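K.L.:
This is protein_25.cif (mmCIF, C-alpha atoms).
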data_query
loop_
_atom_site.label_atom_id
_atom_site.label_comp_id
_atom_site.auth_asym_id
_atom_site.auth_seq_id
_atom_site.Cartn_x
_atom_site.Cartn_y
_atom_site.Cartn_z
CA MET A 15 15.60 0.87 -17.62
CA GLU A 16 18.11 1.88 -14.98
CA THR A 17 17.07 1.91 -11.37
CA THR A 18 18.65 4.27 -8.89
CA VAL A 19 19.10 4.59 -5.17
CA ARG A 20 18.73 8.34 -4.74
CA ARG A 21 17.51 11.06 -2.50
CA PRO A 22 13.91 12.08 -3.24
CA ALA A 23 13.60 15.63 -4.55
CA SER A 24 10.71 16.63 -2.32
CA LEU A 25 11.30 16.92 1.41
CA PHE A 26 8.69 16.83 4.13
CA VAL A 27 8.36 16.21 7.85
CA ALA A 28 6.09 13.34 8.71
CA VAL A 29 5.28 10.93 11.50
CA VAL A 30 5.72 7.20 11.04
CA LEU A 31 3.66 4.87 13.15
CA ALA A 32 5.86 2.12 14.55
CA GLY A 33 5.28 -0.66 17.09
CA LEU A 34 2.20 -1.74 18.96
CA LEU A 35 1.40 -1.07 22.58
CA GLY A 36 -1.18 -3.26 24.24
CA ALA A 37 -4.21 -3.76 22.03
CA GLY A 38 -2.98 -2.03 18.91
CA VAL A 39 -2.07 1.49 20.08
CA ALA A 40 0.49 2.95 17.66
CA LYS A 41 3.54 4.89 18.82
CA ALA A 42 4.54 7.92 16.79
CA ALA A 43 8.18 8.30 15.81
CA GLU A 44 9.64 11.32 14.10
CA ILE A 45 11.49 10.68 10.86
CA PRO A 46 14.16 12.87 9.29
CA SER A 47 13.02 15.96 7.39
CA GLY A 48 15.45 15.24 4.57
CA PRO A 49 17.62 12.50 3.11
CA ALA A 50 20.50 11.28 5.22
CA GLU A 51 23.86 10.16 3.88
CA LEU A 52 24.12 6.41 4.20
CA PRO A 53 27.36 4.87 5.47
CA PRO A 54 29.19 2.77 2.86
CA LYS A 55 28.01 -0.66 4.01
CA PRO A 56 24.26 0.15 4.25
CA ALA A 57 24.58 1.95 0.92
CA GLU A 58 26.05 -1.23 -0.55
CA LEU A 59 23.08 -3.26 0.74
CA LEU A 60 20.69 -0.90 -1.03
CA SER A 61 22.83 -1.10 -4.14
CA LYS A 62 22.44 -4.88 -4.13
CA LEU A 63 18.67 -4.49 -3.73
CA ARG A 64 18.71 -2.17 -6.72
CA ALA A 65 20.55 -4.85 -8.69
CA GLN A 66 17.85 -7.39 -7.77
CA VAL A 67 15.19 -5.02 -9.14
CA GLN A 68 17.18 -4.63 -12.35
CA ALA A 69 17.65 -8.38 -12.74
CA LEU A 70 13.96 -9.08 -12.21
CA ASP A 71 13.01 -6.38 -14.69
CA ALA A 72 15.30 -7.93 -17.29
CA ARG A 73 13.69 -11.35 -17.09
CA LEU A 74 10.02 -10.35 -16.61
CA ASP A 75 7.94 -10.72 -19.79
CA GLY A 76 6.02 -7.54 -19.12
CA VAL A 77 6.60 -4.02 -17.81
CA LEU A 78 7.67 -3.43 -14.19
CA GLY A 79 7.46 -0.31 -12.04
CA VAL A 80 8.94 -0.09 -8.53
CA TYR A 81 9.20 2.54 -5.83
CA VAL A 82 10.66 1.83 -2.38
CA GLU A 83 11.35 4.48 0.26
CA ASP A 84 13.35 3.97 3.45
CA HIS A 85 11.70 6.12 6.11
CA ALA A 86 14.86 6.17 8.25
CA SER A 87 17.29 7.58 5.68
CA ARG A 88 14.77 8.70 3.01
CA ALA A 89 16.77 6.77 0.42
CA VAL A 90 14.75 5.66 -2.59
CA ILE A 91 14.98 2.74 -5.00
CA GLU A 92 12.94 3.29 -8.12
CA LEU A 93 12.17 1.91 -11.55
CA ARG A 94 9.74 3.78 -13.80
CA PRO A 95 8.47 5.58 -10.68
CA ASP A 96 6.28 8.09 -12.51
CA GLU A 97 4.85 5.88 -15.25
CA PRO A 98 1.07 5.37 -14.88
CA PHE A 99 -0.10 1.78 -14.40
CA PRO A 100 -3.58 0.32 -13.87
CA THR A 101 -4.18 -0.06 -10.14
CA ALA A 102 -7.01 -2.61 -10.12
CA SER A 103 -7.93 -3.09 -6.43
CA SER A 104 -4.83 -1.25 -5.20
CA ILE A 105 -6.89 1.96 -5.57
CA LYS A 106 -9.19 0.87 -2.73
CA PRO A 107 -7.09 2.33 0.13
CA ALA A 108 -7.81 5.77 -1.35
CA VAL A 109 -11.52 5.12 -0.76
CA LEU A 110 -10.84 4.01 2.81
CA TYR A 111 -8.81 7.16 3.48
CA GLU A 112 -11.61 9.39 2.17
CA LEU A 113 -14.09 7.57 4.42
CA TYR A 114 -12.04 8.35 7.53
CA ARG A 115 -11.32 11.95 6.51
CA GLN A 116 -15.04 12.56 6.04
CA ALA A 117 -15.74 10.92 9.39
CA GLU A 118 -13.72 13.67 11.07
CA GLU A 119 -14.48 16.60 8.80
CA ASP A 120 -18.14 16.03 7.90
CA GLY A 121 -19.50 13.88 10.70
CA LEU A 122 -19.80 10.68 8.68
CA ASP A 123 -20.45 7.91 11.21
CA VAL A 124 -18.39 4.83 10.32
CA SER A 125 -20.42 2.83 12.87
CA GLU A 126 -23.72 3.61 11.12
CA VAL A 127 -25.45 0.43 9.93
CA THR A 128 -26.48 -0.01 6.31
CA ARG A 129 -28.12 -2.84 4.40
CA PRO A 130 -26.37 -3.53 1.07
CA PRO A 131 -29.06 -3.66 -1.62
CA LEU A 132 -29.51 -6.25 -4.35
CA PRO A 133 -28.28 -6.89 -6.99
CA ARG A 134 -24.59 -6.82 -6.11
CA VAL A 135 -21.56 -6.86 -8.35
CA SER A 136 -19.42 -9.98 -8.45
CA GLY A 137 -15.76 -10.46 -9.21
CA GLY A 138 -14.55 -11.08 -5.70
CA GLY A 139 -15.42 -10.58 -2.06
CA VAL A 140 -18.08 -11.71 0.38
CA LEU A 141 -21.24 -9.69 -0.24
CA GLN A 142 -21.92 -11.31 -3.60
CA ASP A 143 -22.66 -14.56 -1.72
CA LEU A 144 -24.78 -13.13 1.12
CA GLY A 145 -28.53 -12.67 1.34
CA ASP A 146 -30.63 -9.52 1.31
CA ARG A 147 -30.96 -9.21 5.10
CA VAL A 148 -27.31 -8.63 5.92
CA SER A 149 -26.59 -5.40 7.81
CA LEU A 150 -23.11 -3.93 8.16
CA THR A 151 -21.47 -0.71 9.30
CA TRP A 152 -19.44 1.45 6.95
CA ARG A 153 -16.38 0.35 8.90
CA ASP A 154 -17.35 -3.29 8.32
CA LEU A 155 -17.54 -2.58 4.61
CA GLY A 156 -14.05 -1.08 4.82
CA VAL A 157 -12.78 -4.31 6.37
CA LEU A 158 -14.45 -6.35 3.61
CA MET A 159 -12.84 -4.09 1.03
CA MET A 160 -9.34 -4.36 2.50
CA ARG A 161 -9.38 -7.99 3.65
CA TRP A 162 -11.30 -9.70 0.85
CA SER A 163 -11.18 -6.92 -1.78
CA ASP A 164 -14.98 -6.95 -1.86
CA ASN A 165 -16.14 -5.07 -4.96
CA GLU A 166 -19.69 -4.42 -3.80
CA ALA A 167 -18.43 -3.08 -0.47
CA THR A 168 -16.07 -0.80 -2.38
CA ASN A 169 -18.82 0.55 -4.63
CA LEU A 170 -21.07 1.22 -1.63
CA LEU A 171 -18.26 3.15 0.06
CA ILE A 172 -17.49 5.15 -3.11
CA ARG A 173 -21.15 6.23 -3.26
CA ARG A 174 -21.27 6.98 0.46
CA VAL A 175 -18.35 9.42 0.32
CA GLY A 176 -19.72 11.25 -2.70
CA GLY A 177 -18.41 9.30 -5.65
CA ARG A 178 -15.25 9.42 -7.71
CA ASP A 179 -15.02 13.21 -7.64
CA ALA A 180 -14.82 13.28 -3.84
CA VAL A 181 -12.03 10.69 -3.78
CA ASN A 182 -10.10 12.47 -6.53
CA ARG A 183 -10.43 15.86 -4.81
CA ARG A 184 -8.87 14.31 -1.72
CA LEU A 185 -6.07 12.81 -3.80
CA ASP A 186 -5.42 16.25 -5.27
CA ALA A 187 -5.34 17.75 -1.77
CA ILE A 188 -2.63 15.30 -0.66
CA SER A 189 -0.59 15.90 -3.85
CA LEU A 190 -1.40 12.56 -5.49
CA ASP A 191 -2.82 14.07 -8.66
CA ARG A 192 -1.73 11.22 -10.92
CA THR A 193 -3.71 8.70 -8.87
CA ARG A 194 -7.24 8.63 -10.27
CA LEU A 195 -10.42 6.77 -9.39
CA ARG A 196 -12.27 6.86 -12.71
CA ARG A 197 -14.81 4.09 -12.32
CA GLU A 198 -16.49 1.83 -9.82
CA MET A 199 -15.44 -1.79 -9.50
CA MET A 200 -16.54 -4.20 -12.23
CA ASP A 201 -17.76 -1.40 -14.52
CA LEU A 202 -16.61 -3.07 -17.71
CA ALA A 203 -18.31 -0.52 -19.97
CA ALA A 204 -16.25 2.26 -18.36
CA ALA A 205 -13.09 0.16 -18.66
CA ARG A 206 -13.75 -0.35 -22.36
CA ARG A 207 -14.04 3.44 -22.74
CA GLY A 208 -10.58 3.74 -21.23
CA ASP A 209 -11.77 4.97 -17.82
CA GLU A 210 -9.17 2.98 -15.94
CA ASN A 211 -8.20 3.49 -12.30
CA VAL A 212 -4.53 4.41 -12.37
CA SER A 213 -1.55 5.50 -10.30
CA THR A 214 2.23 5.56 -10.44
CA PRO A 215 4.60 3.50 -8.28
CA ARG A 216 5.75 6.65 -6.48
CA GLU A 217 2.24 7.89 -5.67
CA LEU A 218 0.89 4.48 -4.69
CA ALA A 219 3.74 4.04 -2.20
CA GLN A 220 3.15 7.55 -0.88
CA LEU A 221 -0.54 6.72 -0.38
CA ALA A 222 0.47 3.75 1.78
CA GLY A 223 2.57 6.07 3.94
CA ILE A 224 -0.26 8.57 4.27
CA LEU A 225 -2.57 5.85 5.56
CA ALA A 226 0.07 4.56 7.96
CA ARG A 227 0.63 8.01 9.42
CA GLY A 228 -3.08 8.84 9.51
CA GLU A 229 -2.42 12.21 7.96
CA GLY A 230 -5.14 14.75 8.72
CA LEU A 231 -6.76 12.55 11.35
CA SER A 232 -7.02 12.67 15.11
CA PRO A 233 -5.00 10.06 17.04
CA ALA A 234 -8.16 7.99 17.53
CA GLY A 235 -9.11 8.21 13.86
CA ALA A 236 -5.57 7.39 12.74
CA LYS A 237 -5.48 4.37 15.05
CA ASP A 238 -8.77 2.98 13.75
CA LEU A 239 -7.85 3.61 10.11
CA LEU A 240 -4.58 1.75 10.64
CA ALA A 241 -6.42 -1.15 12.29
CA VAL A 242 -8.63 -1.53 9.20
CA ALA A 243 -5.82 -0.92 6.71
CA THR A 244 -3.54 -3.55 8.26
CA VAL A 245 -5.95 -6.49 8.12
CA VAL A 246 -4.14 -9.20 6.19
CA ALA A 247 -5.27 -8.94 2.57
CA ASP A 248 -6.45 -12.18 1.03
CA GLY A 249 -4.21 -13.42 -1.76
CA SER A 250 -1.52 -10.78 -1.29
CA PRO A 251 1.76 -11.69 -3.07
CA PHE A 252 3.52 -8.88 -1.19
CA ARG A 253 2.33 -10.28 2.16
CA ARG A 254 3.65 -13.74 1.20
CA GLY A 255 7.11 -12.19 1.06
CA LEU A 256 6.88 -11.06 4.71
CA PRO A 257 7.01 -12.99 7.99
CA GLU A 258 3.50 -13.58 9.36
CA SER A 259 4.18 -11.54 12.50
CA VAL A 260 5.07 -8.32 10.67
CA ARG A 261 2.44 -5.59 10.69
CA ALA A 262 1.83 -4.14 7.24
CA ILE A 263 -0.58 -2.40 4.96
CA SER A 264 -0.75 -4.38 1.73
CA LYS A 265 -3.38 -4.10 -1.00
CA PRO A 266 -3.00 -6.22 -4.12
CA GLY A 267 -4.67 -5.56 -7.43
CA SER A 268 -5.23 -7.85 -10.40
CA LEU A 269 -6.60 -7.47 -13.91
CA GLU A 270 -5.89 -9.29 -17.12
CA GLY A 271 -2.22 -8.63 -17.85
CA VAL A 272 -1.84 -6.60 -14.64
CA ARG A 273 -0.62 -7.37 -11.12
CA CYS A 274 0.27 -4.67 -8.59
CA GLU A 275 0.49 -3.95 -4.88
CA MET A 276 1.03 -1.04 -2.52
CA ALA A 277 2.47 -1.50 0.96
CA TRP A 278 3.75 0.02 4.17
CA VAL A 279 5.80 -2.34 6.33
CA ASP A 280 6.38 -1.74 10.04
CA VAL A 281 9.95 -2.91 10.52
CA PRO A 282 10.75 -1.51 14.00
CA GLY A 283 13.14 1.38 13.55
CA ARG A 284 13.18 0.93 9.78
CA PRO A 285 9.65 1.25 8.33
CA TYR A 286 9.36 1.53 4.58
CA THR A 287 6.77 2.04 1.88
CA ALA A 288 6.71 0.28 -1.45
CA ALA A 289 4.73 -0.12 -4.62
CA ILE A 290 5.32 -2.80 -7.24
CA MET A 291 3.29 -2.50 -10.43
CA THR A 292 3.26 -4.65 -13.55
CA ALA A 293 1.44 -4.45 -16.88
CA TYR A 294 1.49 -6.11 -20.29
CA LEU A 295 2.18 -9.41 -18.56
CA ARG A 296 2.36 -12.45 -20.78
CA HIS A 297 1.61 -14.59 -17.73
CA GLU A 298 -0.11 -13.02 -14.71
CA ALA A 299 1.53 -15.59 -12.43
CA ASP A 300 4.89 -14.07 -13.34
CA GLY A 301 3.70 -10.71 -12.04
CA GLU A 302 2.60 -12.24 -8.74
CA ALA A 303 5.91 -14.07 -8.42
CA ALA A 304 7.79 -10.83 -9.09
CA ILE A 305 5.88 -8.99 -6.35
CA GLU A 306 6.50 -11.78 -3.84
CA GLU A 307 10.19 -12.03 -4.73
CA LEU A 308 10.78 -8.30 -4.44
CA SER A 309 8.79 -8.07 -1.22
CA ALA A 310 10.99 -10.73 0.38
CA ALA A 311 14.16 -9.03 -0.87
CA ILE A 312 13.08 -5.59 0.37
CA TYR A 313 12.12 -6.93 3.79
CA SER A 314 15.37 -8.86 4.13
CA THR A 315 17.34 -5.70 3.40
CA PHE A 316 15.52 -3.41 5.84
CA ASP A 317 15.25 -6.04 8.55
CA ARG A 318 19.04 -6.47 8.49
CA LEU A 319 19.57 -2.71 8.53
CA ALA A 320 17.21 -2.39 11.50
CA ARG A 321 18.93 -5.10 13.57
CA SER A 322 22.55 -4.36 12.74
CA SER A 323 25.20 -2.34 14.50
CA GLU A 324 27.07 0.36 12.60
CA TYR A 325 29.63 -2.31 11.72
CA GLY A 326 27.09 -4.73 10.27
CA ARG A 327 26.77 -7.24 13.11
CA ILE A 328 23.20 -8.52 13.40
CA VAL A 329 22.11 -9.20 16.97
CA SER A 330 19.23 -11.64 17.42
CA GLU A 331 17.91 -14.29 19.79
CA ARG A 332 20.02 -16.95 18.12
CA ASP A 333 23.24 -14.90 18.45
CA THR A 334 25.91 -16.98 20.23
CA GLY A 335 28.08 -13.99 21.13
CA LYS A 336 31.20 -15.52 19.64
#
Please rewrite the model in this file as structure tokens.
P.N.:
Amino acid sequence: METTVRRPASLFVAVVLAGLLGAGVAKAAEIPSGPAELPPKPAELLSKLRAQVQALDARLDGVLGVYVEDHASRAVIELRPDEPFPTASSIKPAVLYELYRQAEEDGLDVSEVTRPPLPRVSGGGVLQDLGDRVSLTWRDLGVLMMRWSDNEATNLLIRRVGGRDAVNRRLDAISLDRTRLRREMMDLAAARRGDENVSTPRELAQLAGILARGEGLSPAGAKDLLAVATVVADGSPFRRGLPESVRAISKPGSLEGVRCEMAWVDVPGRPYTAAIMTAYLRHEADGEAAIEELSAAIYSTFDRLARSSEYGRIVSERDTGK
């Protein structure tokens, strides 16, 4: 399927969080309200990135969906952007967002301590290996969910915010009505009934941007949400494609035949959101490799755009000035 670098049809004014001040305070930077015309050379760079997406799609033994948005120019690179894919654990940031919205709207205290009951679901995380006396805050459970993709922590948070319906109502309210939380983690009976958690590449990337901007939250709430969302996710193929020092939201998901990831990457002056989703994989390792390869290619493109003059000269510490 053809990929395109195009202007998104919907326009909105948003705030992108970029840079850190001191101990993690985010600076707000206004982004354009509509797509900007790219000069020929930056447009050519994005065209080459599009070609890399096409080439990877051609050789992947599976189905690939991609959505990348440049928050400086609003240019988009997409492949099957509106096709639904299973999200696996990449749905979990939607639960985190609902937690923080309820903290501000309904008085939910994220610092309240709870004791996770037994038995606990397995399939990944930390709580499955801990005893019955462990006590954690709801925020702690959010960190376990984002960092180690803890399934029990996720299920506890889903119940705390009012279940799947509460999360889906929020998704509807932020115009992500094709992103659905239909079951708790490790509910194999629900999965067999076809109650799969799903999203599209476009909506999953948009969710990453909503978290990064802290939409609907106070500055303090947005800052704390971002601190939790940007913990380095364990086993993230997308994160492996980035330099260690780069701040990012990245949440991988994996099921049999499925690998996916949503991300927001804080390239100074050139932040971007992305979602890479795969299904029908013959080999799951190929899906992980595809996500890592595309992540590295996307970062390389936007990092060069961020550090270049209008003529294409890149200025860095190693520049000799010749």
K.L.:
Can you work out the spacing between atom CA of Tyr81 of chain A and atom CA of Pro282 of chain A in Å, to one decimal?
P.N.:
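Between these atoms lies a distance of 20.3 Å.
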K.L.:
Of the candidates A:Glu302, A:Glu112, A:Glu210, A:Glu83, which shows the shortest atom-to-atom distance to Ala289 of chain A, using all atoms listed in the file?
P.N.:
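Checking each candidate against Ala289 of chain A, we get A:Glu83 as the closest.
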K.L.:
Please return the centre and edge lengths, in Å to one decimal, of a box with edges along x, y and z that contains all listed atoms of segment 76-88 of chain A, widened by 8 Å on every side, as lines of an AutoDock Vina configuration file.
P.N.:
center_x = 11.7
center_y = 0.6
center_z = -5.4
size_x = 27.3
size_y = 32.2
size_z = 43.4
K.L.:
Just checking: using all atoms listed in the file, which residue out of A:Ala117, A:Leu218, A:Ile91, A:Ala303 ends up closest to Ser104 of chain A?
P.N.:
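The shortest atom-to-atom distance to Ser104 of chain A comes from A:Leu218.
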K.L.:
Go through A:Ile263, A:Leu144, A:Val175, A:Val272 one by one, measure the shortest atom-to-atom distance of each to Gln116 of chain A using only C-alpha atoms, and give the residue with the smallest value.
P.N.:
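Ranking A:Ile263, A:Leu144, A:Val175, A:Val272 by distance to Gln116 of chain A, first place goes to A:Val175.
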K.L.:
Please provide as a ChimeraX atom specification all residues within 10 Å of Gln220 of chain A, with the sequence filter that same-chain residues fewer than 4 positions apart are discarded (counting all atoms listed in the file).
P.N.:
/A:81-83,188-190,214-216,224-226,276-278,287-289
K.L.:
Quick one: distance from atom CA of Asp238 of chain A to atom CA of Val127 of chain A in Å, one decimal?
P.N.:
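It comes out at 17.3 Å.
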K.L.:
Counting all atoms listed in the file, what is within 10 Å of segment 93-95 of chain A, bar same-chain residues fewer than 2 positions away, as a list in words?
P.N.:
Met15, Glu16, Thr17, Thr18, Val19, Arg64, Val67, Gln68, Asp71, Val77, Leu78, Gly79, Val80, Tyr81, Val82, Ile91, Glu97, Pro98, Thr214, Pro215, Arg216, Glu217, Leu218, Ala219, Ala289, Ile290 and Met291 of chain A
K.L.:
Could you tell me how far atom CA of Ala167 of chain A sits from atom CA of Ser125 of chain A, in Å to one decimal place?
P.N.:
14.7 Å
